[in-house]
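File shown here: query-v9.cif, holding mmCIF, C-alpha atoms.
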```cif
data_upload
loop_
_atom_site.label_atom_id
_atom_site.label_comp_id
_atom_site.auth_asym_id
_atom_site.auth_seq_id
_atom_site.Cartn_x
_atom_site.Cartn_y
_atom_site.Cartn_z
CA MET A 1 30.09 -164.60 -16.06
CA GLY A 2 33.82 -164.46 -15.40
CA ARG A 3 36.05 -167.45 -16.00
CA SER A 4 37.35 -169.43 -13.04
CA SER A 5 40.85 -168.55 -14.22
CA ASP A 6 40.08 -164.90 -13.46
CA VAL A 7 39.75 -165.63 -9.73
CA PRO A 8 43.50 -165.96 -8.93
CA ALA A 9 44.17 -162.70 -10.77
CA LEU A 10 41.43 -161.00 -8.77
CA ARG A 11 42.87 -162.31 -5.53
CA ARG A 12 46.32 -161.07 -6.48
CA GLY A 13 44.93 -157.68 -7.43
CA LEU A 14 43.16 -157.41 -4.08
CA ALA A 15 46.39 -158.41 -2.31
CA VAL A 16 48.22 -155.59 -4.10
CA LEU A 17 45.45 -153.16 -3.15
CA ARG A 18 45.61 -154.20 0.51
CA LEU A 19 49.37 -153.80 0.50
CA LEU A 20 49.15 -150.27 -0.92
CA ALA A 21 46.51 -149.43 1.70
CA ALA A 22 48.77 -150.64 4.51
CA LYS A 23 51.70 -148.45 3.48
CA ALA A 24 52.11 -144.92 4.79
CA GLU A 25 53.93 -143.87 1.61
CA PRO A 26 53.87 -144.94 -2.06
CA VAL A 27 56.02 -148.01 -2.79
CA THR A 28 57.94 -149.37 -5.76
CA ALA A 29 56.67 -152.23 -7.91
CA ALA A 30 59.75 -154.21 -6.86
CA ALA A 31 58.76 -153.86 -3.20
CA VAL A 32 55.21 -155.01 -3.98
CA ALA A 33 56.52 -158.05 -5.87
CA ARG A 34 58.93 -158.92 -3.08
CA GLU A 35 56.41 -158.64 -0.22
CA LEU A 36 53.70 -160.60 -2.03
CA GLY A 37 56.00 -163.13 -3.67
CA LEU A 38 54.81 -162.27 -7.17
CA PRO A 39 56.73 -162.26 -10.44
CA ARG A 40 57.67 -158.72 -11.46
CA SER A 41 55.85 -159.01 -14.79
CA THR A 42 52.67 -160.03 -12.98
CA THR A 43 53.09 -157.21 -10.46
CA TYR A 44 53.47 -154.58 -13.18
CA HIS A 45 50.41 -155.93 -14.98
CA LEU A 46 48.29 -155.84 -11.82
CA LEU A 47 49.46 -152.34 -10.94
CA SER A 48 48.70 -151.11 -14.46
CA GLU A 49 45.16 -152.48 -14.22
CA LEU A 50 44.65 -150.86 -10.81
CA VAL A 51 45.94 -147.53 -12.12
CA ALA A 52 43.63 -147.74 -15.16
CA ALA A 53 40.66 -148.37 -12.84
CA GLY A 54 41.62 -145.52 -10.51
CA PHE A 55 42.42 -147.76 -7.52
CA ALA A 56 46.13 -146.99 -7.67
CA THR A 57 48.16 -143.92 -8.61
CA HIS A 58 51.48 -144.10 -10.46
CA LEU A 59 54.09 -141.49 -9.56
CA PRO A 60 56.49 -141.76 -12.51
CA ASP A 61 59.04 -139.30 -11.13
CA GLN A 62 59.38 -141.46 -8.00
CA ARG A 63 58.76 -144.80 -9.75
CA ARG A 64 56.30 -145.63 -6.99
CA TYR A 65 52.65 -146.55 -6.59
CA GLY A 66 50.08 -145.45 -4.04
CA LEU A 67 46.35 -145.68 -3.47
CA GLY A 68 44.14 -144.01 -6.08
CA VAL A 69 40.98 -141.97 -5.77
CA ALA A 70 38.69 -144.94 -6.45
CA ALA A 71 40.09 -146.77 -3.42
CA PHE A 72 39.29 -143.78 -1.22
CA GLU A 73 35.76 -143.59 -2.63
CA VAL A 74 35.05 -147.26 -2.01
CA GLY A 75 36.44 -147.06 1.50
CA SER A 76 34.46 -143.99 2.46
CA ALA A 77 31.27 -145.27 0.79
CA TYR A 78 30.79 -147.80 3.58
CA LEU A 79 30.19 -145.00 6.06
CA ARG A 80 28.74 -142.56 3.55
CA HIS A 81 25.39 -144.26 3.26
CA ASP A 82 22.51 -144.39 5.72
CA PRO A 83 24.56 -145.12 8.91
CA LEU A 84 26.62 -141.95 8.51
CA GLU A 85 23.65 -139.82 7.53
CA ALA A 86 21.51 -141.19 10.37
CA LEU A 87 24.25 -140.50 12.90
CA ALA A 88 24.98 -137.04 11.52
CA ARG A 89 21.47 -135.67 11.22
CA PRO A 90 20.70 -135.19 14.95
CA LEU A 91 24.15 -133.71 15.53
CA LEU A 92 23.66 -131.20 12.72
CA ARG A 93 20.21 -130.37 14.07
CA GLU A 94 21.75 -129.62 17.46
CA LEU A 95 24.54 -127.60 15.84
CA THR A 96 22.03 -125.52 13.89
CA ALA A 97 20.02 -124.86 17.06
CA ARG A 98 23.15 -123.66 18.88
CA VAL A 99 24.56 -121.33 16.23
CA GLU A 100 21.37 -120.53 14.28
CA LEU A 101 23.15 -121.19 10.99
CA THR A 102 22.68 -123.68 8.17
CA ALA A 103 24.75 -126.83 8.73
CA HIS A 104 25.84 -129.42 6.16
CA LEU A 105 27.44 -132.83 6.03
CA GLY A 106 29.60 -133.22 2.93
CA VAL A 107 31.70 -136.07 1.55
CA LEU A 108 34.34 -136.27 -1.13
CA HIS A 109 33.19 -137.79 -4.41
CA GLY A 110 36.15 -137.78 -6.78
CA ALA A 111 37.27 -134.18 -7.09
CA GLU A 112 33.90 -132.88 -5.90
CA THR A 113 32.15 -132.29 -2.60
CA LEU A 114 28.77 -134.02 -2.38
CA TYR A 115 26.29 -132.75 0.23
CA LEU A 116 24.35 -135.50 2.01
CA VAL A 117 22.63 -133.74 4.92
CA ARG A 118 21.41 -130.17 5.48
CA GLU A 119 19.80 -128.68 8.57
CA GLN A 120 18.46 -125.13 8.52
CA PRO A 121 17.58 -122.72 11.35
CA LYS A 122 14.10 -121.34 11.83
CA TRP A 123 15.00 -118.34 9.70
CA PRO A 124 17.16 -119.64 6.81
CA LEU A 125 19.76 -117.40 5.24
CA GLY A 126 18.48 -117.79 1.71
CA LEU A 127 21.02 -119.10 -0.77
CA VAL A 128 22.57 -122.30 0.64
CA THR A 129 23.69 -125.60 -0.82
CA GLU A 130 20.99 -128.21 -1.42
CA ILE A 131 21.28 -131.92 -0.61
CA GLY A 132 22.78 -133.77 -3.56
CA VAL A 133 24.60 -130.73 -4.94
CA ARG A 134 28.22 -131.26 -5.99
CA LEU A 135 30.86 -128.55 -5.94
CA PRO A 136 34.55 -128.57 -6.93
CA ALA A 137 36.20 -129.85 -3.75
CA HIS A 138 38.90 -127.16 -3.66
CA LEU A 139 36.33 -124.37 -3.23
CA PRO A 140 34.01 -125.11 -0.27
CA ALA A 141 35.42 -125.36 3.23
CA SER A 142 33.92 -128.83 3.61
CA GLY A 143 35.85 -130.13 0.61
CA ARG A 144 39.15 -128.70 1.77
CA ALA A 145 38.57 -129.94 5.33
CA ILE A 146 38.74 -133.46 3.87
CA LEU A 147 41.50 -132.78 1.34
CA ALA A 148 43.78 -131.40 4.06
CA HIS A 149 44.06 -134.85 5.63
CA LEU A 150 44.58 -136.90 2.47
CA PRO A 151 48.05 -138.04 1.36
CA SER A 152 49.72 -135.61 -1.01
CA PRO A 153 49.71 -138.08 -3.95
CA GLN A 154 45.92 -138.45 -3.68
CA VAL A 155 45.44 -134.69 -3.75
CA ARG A 156 47.68 -134.47 -6.81
CA ALA A 157 45.69 -137.26 -8.49
CA LEU A 158 42.46 -135.34 -7.89
CA PHE A 159 43.86 -132.11 -9.38
CA PRO A 160 46.34 -133.20 -12.05
CA ARG A 161 46.35 -130.03 -14.17
CA ALA A 162 45.66 -126.30 -14.05
CA GLY A 163 42.28 -126.85 -15.71
CA SER A 164 41.18 -128.81 -12.64
CA PHE A 165 40.88 -125.56 -10.66
CA VAL A 166 37.51 -124.10 -11.57
CA ARG A 167 36.78 -120.69 -10.02
CA ARG A 168 33.25 -119.36 -9.51
CA THR A 169 33.80 -115.90 -8.03
CA GLY A 170 37.45 -115.16 -8.79
CA ARG A 171 38.48 -116.32 -5.32
CA GLY A 172 40.00 -119.59 -4.19
CA PRO A 173 43.08 -121.62 -5.20
CA SER A 174 43.96 -121.54 -8.90
CA ASP A 175 46.73 -124.16 -8.95
CA LEU A 176 48.10 -127.09 -6.96
CA PRO A 177 50.77 -125.12 -5.03
CA GLY A 178 48.12 -122.61 -3.96
CA LEU A 179 45.81 -125.39 -2.83
CA ARG A 180 48.59 -127.07 -0.87
CA ARG A 181 49.36 -123.82 0.95
CA LEU A 182 45.71 -123.53 1.95
CA LEU A 183 45.57 -127.15 3.11
CA ALA A 184 48.74 -126.75 5.19
CA ALA A 185 47.29 -123.65 6.87
CA GLN A 186 44.09 -125.54 7.62
CA ARG A 187 45.93 -128.43 9.25
CA ARG A 188 47.80 -126.00 11.51
CA ARG A 189 44.61 -124.12 12.41
CA GLY A 190 42.39 -127.17 12.84
CA TRP A 191 39.56 -126.16 10.50
CA ALA A 192 38.88 -124.90 6.97
CA VAL A 193 37.38 -121.55 5.98
CA GLU A 194 35.80 -120.31 2.77
CA ASP A 195 35.18 -116.62 2.10
CA GLY A 196 33.09 -116.12 -1.02
CA TYR A 197 34.76 -118.92 -3.01
CA VAL A 198 31.41 -120.56 -3.83
CA THR A 199 28.92 -117.69 -3.68
CA GLU A 200 29.62 -114.01 -3.15
CA GLY A 201 28.28 -112.74 0.15
CA PHE A 202 28.55 -116.09 1.94
CA ALA A 203 31.31 -117.71 4.01
CA SER A 204 31.64 -121.06 5.76
CA VAL A 205 33.80 -123.01 8.19
CA ALA A 206 34.23 -126.79 8.25
CA ALA A 207 35.95 -129.55 10.21
CA PRO A 208 36.72 -133.13 9.15
CA VAL A 209 35.08 -136.32 10.36
CA PHE A 210 37.44 -139.31 10.60
CA GLY A 211 36.69 -142.99 10.12
CA PRO A 212 38.03 -146.06 11.95
CA THR A 213 41.23 -146.12 9.89
CA GLY A 214 42.04 -142.48 10.64
CA THR A 215 41.16 -141.25 7.15
CA PRO A 216 38.72 -138.35 6.63
CA ILE A 217 35.30 -139.62 5.54
CA ALA A 218 33.21 -136.43 5.67
CA ALA A 219 33.11 -132.84 6.90
CA VAL A 220 30.68 -130.81 9.01
CA SER A 221 30.23 -127.18 8.01
CA VAL A 222 28.13 -124.10 8.72
CA THR A 223 27.40 -121.31 6.25
CA PHE A 224 26.62 -117.66 7.00
CA ARG A 225 26.39 -114.29 5.33
CA HIS A 226 29.63 -112.35 5.06
CA GLU A 227 30.91 -109.72 2.65
CA CYS A 228 34.29 -108.11 2.18
CA ASP A 229 35.00 -104.84 0.44
CA GLY A 230 36.85 -105.28 -2.83
CA GLU A 231 37.88 -108.44 -4.64
CA ARG A 232 40.08 -109.96 -1.92
CA GLU A 233 38.85 -112.02 1.00
CA CYS A 234 39.06 -110.56 4.50
CA GLY A 235 41.37 -113.14 6.06
CA GLN A 236 39.01 -114.00 8.91
CA ASP A 237 38.86 -117.53 10.32
CA TRP A 238 35.76 -117.34 12.59
CA PRO A 239 37.03 -119.28 15.64
CA GLU A 240 33.71 -119.12 17.52
CA GLN A 241 31.77 -120.83 14.74
CA ALA A 242 34.68 -123.19 14.16
CA ALA A 243 34.64 -124.33 17.80
CA GLU A 244 31.02 -125.42 17.45
CA VAL A 245 31.65 -127.15 14.12
CA ARG A 246 34.70 -128.97 15.44
CA ALA A 247 32.76 -130.21 18.46
CA SER A 248 30.06 -131.68 16.21
CA ALA A 249 32.64 -133.23 13.88
CA ALA A 250 34.48 -134.76 16.84
CA GLU A 251 31.25 -136.22 18.20
CA LEU A 252 30.39 -137.73 14.81
CA THR A 253 33.91 -139.15 14.58
CA ALA A 254 33.40 -140.82 17.96
CA ARG A 255 30.00 -142.21 16.95
CA VAL A 256 31.39 -143.92 13.85
CA GLY A 257 34.30 -145.34 15.87
CA GLY A 258 36.81 -143.10 14.14
CA HIS A 259 39.96 -141.27 15.11
CA ALA A 260 42.33 -138.76 13.58
CA ALA A 261 45.45 -140.24 12.02
#
```
So, in terms of structure tokens, how does the structure I just supplied come out?
Amino acid sequence: MGRSSDVPALRRGLAVLRLLAAKAEPVTAAAVARELGLPRSTTYHLLSELVAAGFATHLPDQRRYGLGVAAFEVGSAYLRHDPLEALARPLLRELTARVELTAHLGVLHGAETLYLVREQPKWPLGLVTEIGVRLPAHLPASGRAILAHLPSPQVRALFPRAGSFVRRTGRGPSDLPGLRRLLAAQRRRGWAVEDGYVTEGFASVAAPVFGPTGTPIAAVSVTFRHECDGERECGQDWPEQAAEVRASAAELTARVGGHAA
């Protein structure tokens, strides 16, 4: 059991976490101390503990602090459990019936995409992602659909080094600048695409689902067979499939009371 003296520290830590969550950009420790009326030494100690636990991210070059990956995971977990799955399943079933393709609901789990729901057409395509499978989030369209709407510091915290960029087929981003270019293109286009990044001979499109705070909590995607000649991807973005996926993602966003930031 924790000591009663731990309670004030916990309350202060939660106050710091709420403050970071309320800010659009990372803030300095001095600003945190000033707004919460805390001694600077206490503020630095609390921020160090939050960083160590993954709830805050320290940007040493800017001398600022922002929300960490663990904070995003806890926030999205509320809607990631049965309510989100129950709301998504009929929508994915309808999407599959319309496009006759396999549909998935994926969420971000650390630097990975975790698949929670899968609906298949009457004649499945064969190799598709199973429920519970995790993939490096920078490869599947569903992972990048979520990453594209996260703050830049959170993306950097998820992929801190070159070794973070695993490649399965030789395609896909191999470093942080390459990933950021892809994410920027996705935001302009409105959806994410993946052309053989995960499995050769398959492509997918995905759109984000937003929660009540405007943050992305999941992604809806469809997967289909597609092959390009040679080692490079074809550069297609499949707007027809994307229109259907975006409609389903928008409906799920509405059903969870969400909105885009």
Report as a compact mmCIF listing (two decimals) with C-alpha atoms, in the coordinates of the input all protein, DNA and RNA residues lying within 9 Å of Glu200 (chain A), evaluated on all atoms listed in the file, omitting residues in the same chain fewer than 2 positions from it.
```txt
# COMPACT_ATOMS: atom_id res chain seq x y z
CA THR A 169 33.80 -115.90 -8.03
CA ASP A 195 35.18 -116.62 2.10
CA GLY A 196 33.09 -116.12 -1.02
CA TYR A 197 34.76 -118.92 -3.01
CA VAL A 198 31.41 -120.56 -3.83
CA PHE A 202 28.55 -116.09 1.94
CA ALA A 203 31.31 -117.71 4.01
CA HIS A 226 29.63 -112.35 5.06
CA GLU A 227 30.91 -109.72 2.65
```
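The shortest atom-to-atom distance to Lys122 (chain A), with all atoms listed in the file taken into account, belongs to A:Glu100 out of A:His109, A:Ala137, A:Glu100, A:Gln241.
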Target residues per the PyMOL selection byres ((chain A and resi 7-18) around 10), formatted as an MDAnalysis selection string: chainID A and resid 2:6 19:23 29 32:33 35:36 38 42:43 45:47 49:50 55:56 66:68 71
Save out the residues we just selected, C-alpha atoms, as a compact mmCIF listing (two decimals), keeping the file's coordinate frame.
```txt
# COMPACT_ATOMS: atom_id res chain seq x y z
CA GLY A 2 33.82 -164.46 -15.40
CA ARG A 3 36.05 -167.45 -16.00
CA SER A 4 37.35 -169.43 -13.04
CA SER A 5 40.85 -168.55 -14.22
CA ASP A 6 40.08 -164.90 -13.46
CA LEU A 19 49.37 -153.80 0.50
CA LEU A 20 49.15 -150.27 -0.92
CA ALA A 21 46.51 -149.43 1.70
CA ALA A 22 48.77 -150.64 4.51
CA LYS A 23 51.70 -148.45 3.48
CA ALA A 29 56.67 -152.23 -7.91
CA VAL A 32 55.21 -155.01 -3.98
CA ALA A 33 56.52 -158.05 -5.87
CA GLU A 35 56.41 -158.64 -0.22
CA LEU A 36 53.70 -160.60 -2.03
CA LEU A 38 54.81 -162.27 -7.17
CA THR A 42 52.67 -160.03 -12.98
CA THR A 43 53.09 -157.21 -10.46
CA HIS A 45 50.41 -155.93 -14.98
CA LEU A 46 48.29 -155.84 -11.82
CA LEU A 47 49.46 -152.34 -10.94
CA GLU A 49 45.16 -152.48 -14.22
CA LEU A 50 44.65 -150.86 -10.81
CA PHE A 55 42.42 -147.76 -7.52
CA ALA A 56 46.13 -146.99 -7.67
CA GLY A 66 50.08 -145.45 -4.04
CA LEU A 67 46.35 -145.68 -3.47
CA GLY A 68 44.14 -144.01 -6.08
CA ALA A 71 40.09 -146.77 -3.42
```
Length of the CA of Ala148 (chain A) to CA of Ser48 (chain A) vector [Å]: 27.5 Å
For the structure shown, which residues end up in the PyMOL selection byres ((chain A and resi 259) around 10)? Put them as a list in words, please?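 Matching residues under the PyMOL selection byres ((chain A and resi 259) around 10) are Val209, Phe210, Gly211, Pro212, Thr213, Gly214, Thr215, Pro216, Ala250, Thr253, Ala254, Val256, Gly257, Gly258, Ala260 and Ala261 of chain A.
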Can you tell me how far CA of Cys234 (chain A) sits from CA of Arg181 (chain A), in Å to one decimal?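 So the two atoms, CA of Cys234 (chain A) and CA of Arg181 (chain A), lie 17.2 Å apart.
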Return the single residue from A:Gly106, A:Gly190, A:Pro121, A:Pro151 that is closest to Pro136 (chain A), with distances computed using all atoms listed in the file. A:Gly106
Go through A:Pro208, A:Gly170, A:Pro177, A:Pro83 and flag the residue nearest Gly143 (chain A), using only C-alpha atoms for the distances.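 Closest candidate: A:Pro208.
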For Ala145 (chain A), which residue among A:Ala192, A:Ala31, A:Leu87, A:Leu105 is the nearest when counting all atoms listed in the file?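 Checking each candidate against Ala145 (chain A), we get A:Ala192 as the closest.
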If the PyMOL selection byres ((chain A and resi 101) around 9) were run on this exact file, what residues would it hold? Put them as a JSON list (two decimals) with C-alpha atoms, in the frame of the given file.
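Listing of selection.json after writing:
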```json
[["chain", "number", "residue", "atom", "x", "y", "z"],
["A", 95, "LEU", "CA", 24.54, -127.60, 15.84],
["A", 96, "THR", "CA", 22.03, -125.52, 13.89],
["A", 97, "ALA", "CA", 20.02, -124.86, 17.06],
["A", 98, "ARG", "CA", 23.15, -123.66, 18.88],
["A", 99, "VAL", "CA", 24.56, -121.33, 16.23],
["A", 100, "GLU", "CA", 21.37, -120.53, 14.28],
["A", 102, "THR", "CA", 22.68, -123.68, 8.17],
["A", 103, "ALA", "CA", 24.75, -126.83, 8.73],
["A", 119, "GLU", "CA", 19.80, -128.68, 8.57],
["A", 120, "GLN", "CA", 18.46, -125.13, 8.52],
["A", 121, "PRO", "CA", 17.58, -122.72, 11.35],
["A", 123, "TRP", "CA", 15.00, -118.34, 9.70],
["A", 124, "PRO", "CA", 17.16, -119.64, 6.81],
["A", 125, "LEU", "CA", 19.76, -117.40, 5.24],
["A", 222, "VAL", "CA", 28.13, -124.10, 8.72],
["A", 223, "THR", "CA", 27.40, -121.31, 6.25],
["A", 224, "PHE", "CA", 26.62, -117.66, 7.00]]
```
